[in-house]
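As structure tokens, the structure follows; a few thoughts come after it.
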Amino acid sequence: MSATPSRTAIVTDPTPVPVQKEARKPFGIGRFLAWASLWIAVLITLFPFYWILRTALSNTKALAANSTSLLPADFTFGAFERVLGLATTAEAIAQGGSGASVNFWLFLRNSLIVATSTTIGQVFFCALAAYAFARLQWPGRDKLFFAFLAALMVPGIFTTLPNFVLMRELGLLDTYMAIILPTLFMTPFSVFFLRQFFLGIPKEIEEAAMIDGAGRFRVFLRIIMPMAAAPISTLALLTYITSWNDYFWPLLVAKDESVRVLTVALGIFRSQTPQGSPDWAGLMAATLIAALPILVLYAFLGKRIVNSIGFSGIK
Amino acid sequence: MSTATAPVTTRTEGGKRRRRIGDLKIALAFVAPATIGFLVFYVYPTIRGFYYSFTDFKVLSEPNMVGLENYQRMFDDPLVWNALWVTLQYVLINIGLQTIVAIGLAVLMHRLTKSMTIRGLLLLPYLIANVIVALVWFWMLDYQIGIVNVMLDWMGVDRIAFFGDSAWALPTIALINVWRHMGYTALLIFAGLQTIPPEVYEAASLDGAGEVRSFFKITVPLLRPVLAMVLVITVTGSFQIFDTVSVTTQGGPVNATRVIYYYIYELAFVRFEFGYASAISVFLFVILAAVAIVQIKLLRAGESDLA
């Protein structure tokens, strides 16, 4: 491959660059070392993921004796059965579990409910607002938008304490609503993200539709939303992952088992596992269950997320 | 507020007035849900947080005004200063290493490959929950049978109590988060590198400059504005470290990892001292704003050297 970096934006595929004489570098020791460092970084990034899988498929009791083996120690699905509540207490204890009943199905369901509803609400309401900020003319528009952006400056914990008090006053502690509400309507980032894209859609298309008699809401639903399908789905993906991974807020407002999400459940599971001989296989199996939906999403839609990084960070 | 009465007439004559206030009614409907969310969950708690910081609020009782008492107490509280010092050390280790590694990775990718796979793999840890990342490393760094300590033992080096030794606990947590964020930061920088026109490198190459010289003479100066933005994002995030501490050390051993976020959390939700916790949050707010402003000024984020 030619070493000349083509001037494409990060969004496009590498286009084949015609081989130029001065551009072709010999595959010397420098380039070899550069490639080697890059692959070492990839290896360091991936190894812990392999180690989760390897440990999750092991028998906790056999881990100590096989601590360096790259393959699972005494291969078994026992750890998964244990954390999904499918194993009997005796079976769990025999494989190094604590014997306490854990049911990650429940927490998986809770995480799905929370992340899905947060994403749908936030993306829809932020799209509406972003459209008004990008496309409609009204007094006070820029001031309100600036106020939204200013909220990015406030550290999370500052609003977290009073928000907790609010949830308590509303009697919502230990409900899904308590977890979902604060981010259901907006986050400054989501509004900002979508506004940027709406600014780029040609005005003529909307105007044509409006001359045909379509109202603003109809134009928004039928024309803007489909045209912005790519950024909207990217944002939905990012919102889903953020919501899925959130730990601090659900830890404060939803500890009860009936509404406990996966991240909080993992923290509690870890603090309950015996100090001297933790159930490592069980912990890693639970971890894998918590990470799996994100890994699957990423496997299919990763390109979208990778391409969004430059945008969300820099501009 | 005035309502828009201008009827939708033909675009040419009604256009100007419609521009002024004509969209107001519909615009209000569009921004209403987001604005309600903004007012209730951002503005209102911000005001309330300031208010609580001047009270003795303890959640279960009504708040009473106590003036500046919380702030006085804060300045005399050695644990606040310890928490700030610990947090600062964490930020320095975390951001220092992470930025160096990320610049390295970004430059390597920039000069070697546009491979989407490599970028995707490097980003992976960033998408995984902090709690999960903390647990995996907690296991890999276990004193008895964690793979890292077993390897150290095999190499003839003494085992390290990564989370149990007060000298190691904080750097360990910082390194775990370097692992989680290095790919993300590298991608941010990589995106910035893409804005440097390749002709600059070609010209330098024709003039006989090698890769190393090009890096210091072209990449570094042109990357400065990008780096400034990246640092503002990552430093602000780094100050708010909580999840990893909560899952692994819970502030210990003794106070070695009791970072500011964790201390505020303990004050508010273990000891229910909401008033005092709010005062420290105000202090943190001021520190973060100051850090961001200083960074932007120092690195002149707005200007590019490319012009």
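Letters A, B, ... go to the chains of the structure tokens in the order shown; residues in each chain start at 1; ligands are counted from 1 in the same order.
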Mind dumping a table of every chain A residue within 6 Å of chain B, with the nearest atom pair and its distance in Å to one decimal, using only C-alpha atoms, sorted by chain and rising number, as CSV?
residue,atom,partner,partner_atom,distance
A:Ala64,CA,B:Ile145,CA,5.8
A:Ser67,CA,B:Ile145,CA,5.8
A:Phe125,CA,B:Ala34,CA,5.9
A:Leu128,CA,B:Phe30,CA,5.1
A:Ala129,CA,B:Val31,CA,4.3
A:Ala132,CA,B:Ala27,CA,5.4
A:Leu136,CA,B:Asp23,CA,5.9
A:Gln137,CA,B:Arg19,CA,5.5
A:Trp138,CA,B:Leu24,CA,4.9
A:Phe158,CA,B:Ser281,CA,5.5
A:Thr159,CA,B:Pro45,CA,5.1
A:Pro162,CA,B:Pro45,CA,5.1
A:Pro182,CA,B:Phe41,CA,5.6
A:Phe185,CA,B:Ala34,CA,5.0
A:Met186,CA,B:Ala34,CA,5.1
A:Asn245,CA,B:Ala129,CA,4.4
A:Gly267,CA,B:Val247,CA,5.8
A:Thr287,CA,B:Ile132,CA,5.9
A:Gly310,CA,B:Ala191,CA,4.9
Inset, instruction - List the neighbours of Thr55 of chain A out to 7 Å using only C-alpha atoms; skip same-chain residues closer than 3 positions along the sequence, and give me the result as a PyMOL selection string. - result: chain A and resi 51-52+58+72+281+284
Dump of C-alpha atoms for the selected residues, as a PDB file, in the first residue's frame:
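That gives us selection_30.pdb:
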ATOM      1  CA  TRP A  51      -9.491 -13.217  29.446  1.00  0.00           C
ATOM      2  CA  ILE A  52     -13.133 -12.511  30.387  1.00  0.00           C
ATOM      3  CA  SER A  58     -13.702 -21.978  33.655  1.00  0.00           C
ATOM      4  CA  PRO A  72     -10.400 -22.295  30.145  1.00  0.00           C
ATOM      5  CA  ALA A 281     -15.698 -17.381  36.856  1.00  0.00           C
ATOM      6  CA  MET A 284     -16.577 -12.834  34.527  1.00  0.00           C
TER       7      MET A 284
END
Inset, instruction - Have a look at atom CA of Ile113 of chain A and atom CA of Trp249 of chain A and let me know their distance in Å, one decimal. - result: 15.6 Å
Legend entry - segment 74-81 of chain A surroundings by only C-alpha atoms, 10 Å radius, close-in-sequence under 5 positions cut, as a PyMOL selection string: chain A and resi 54-63+66+86-88+91-92+94-97+103-104+279-286+288-289
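Residue nearest Phe220 of chain A, chosen from A:Met177, A:Leu152, A:Tyr131, A:Asp246 and counting only C-alpha atoms: A:Tyr131.
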Inset, instruction - as a PyMOL selection string, please: all residues of segment 45-293 of chain A that backbone DSSP puts in helix (DSSP H, G or I). - result: chain A and resi 45-56+60-63+78-83+89-94+104-135+141-153+156-169+176-184+188-199+203-211+216-227+229-245+248-253+262-272+280-293
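Nearest residue to Tyr126 of chain B among A:Ala65, A:Thr45, A:Val165, A:Leu149 is A:Thr45, counting only C-alpha atoms.
Interatomic distance, atom CA of Pro278 of chain A against atom CA of Trp244 of chain A: 25.5 Å.
Picture a line from atom CA of Thr257 of chain B to atom CA of Leu170 of chain B; it runs 5.6 Å.
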Using only C-alpha atoms, which protein or nucleic acid residues come within 9 Å of Ser117 of chain A? Drop anything in the same chain fewer than 5 positions from it, and give the result as a PDB file with N, CA and C atoms, in the first residue's frame.
ATOM      1  N   LEU A 112     -32.292  -3.413  29.612  1.00  0.00           N
ATOM      2  CA  LEU A 112     -32.922  -3.250  28.300  1.00  0.00           C
ATOM      3  C   LEU A 112     -34.045  -2.221  28.366  1.00  0.00           C
ATOM      4  N   GLN A 122     -35.073  10.347  24.359  1.00  0.00           N
ATOM      5  CA  GLN A 122     -34.054  11.385  24.209  1.00  0.00           C
ATOM      6  C   GLN A 122     -33.817  11.750  22.742  1.00  0.00           C
ATOM      7  N   ILE A 180     -34.697   6.870  34.404  1.00  0.00           N
ATOM      8  CA  ILE A 180     -34.857   7.355  33.038  1.00  0.00           C
ATOM      9  C   ILE A 180     -35.062   8.864  32.942  1.00  0.00           C
ATOM     10  N   LEU A 184     -34.347  11.629  29.788  1.00  0.00           N
ATOM     11  CA  LEU A 184     -35.387  11.247  28.825  1.00  0.00           C
ATOM     12  C   LEU A 184     -35.661  12.368  27.822  1.00  0.00           C
TER      13      LEU A 184
END
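Using only C-alpha atoms, the smallest distance between any of A:Thr187, A:Asn110, A:Met210, A:Pro250 and Phe148 of chain A comes from A:Thr187.
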Inset, instruction - Extract, using only C-alpha atoms, all DNA, RNA and protein residues at most 8 Å from Ala290 of chain A, discarding same-chain residues fewer than 5 positions from it, and format them as an NGL selection string. - result: (:A and (108 or 262-263)) or (:B and (132))
Can I get the selected residues back with C-alpha atoms, as a short mmCIF file (atom, residue, chain, number, x, y, z; two decimals), in the first residue's frame?
data_model
loop_
_atom_site.label_atom_id
_atom_site.label_comp_id
_atom_site.auth_asym_id
_atom_site.auth_seq_id
_atom_site.Cartn_x
_atom_site.Cartn_y
_atom_site.Cartn_z
CA LEU A 108 -30.56 -7.77 31.81
CA LEU A 262 -26.63 -4.65 35.09
CA THR A 263 -23.85 -2.23 36.06
CA ILE B 132 -16.93 -4.03 33.59
#
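Using only C-alpha atoms for every distance, the candidate list B:Thr87, B:Asn255, B:Glu62, B:Ile103 yields B:Ile103 as the residue closest to Leu223 of chain B.
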Inset, instruction - Write out as a PyMOL selection string the residues lying within 8 Å of segment 64-75 of chain B, counting only C-alpha atoms and excluding same-chain residues fewer than 5 positions away. - result: chain B and resi 53-57+80-81+275-276+279-280
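The closest residue to Ile260 of chain B, picked from B:Phe272, B:Ile241, B:Asn94, B:Asn177 and counting only C-alpha atoms, is B:Ile241.
Checking B:Lys58, B:Ala256, B:Val178, B:Ala83 one by one against Arg271 of chain B, counting only C-alpha atoms, you find the shortest gap at B:Lys58.
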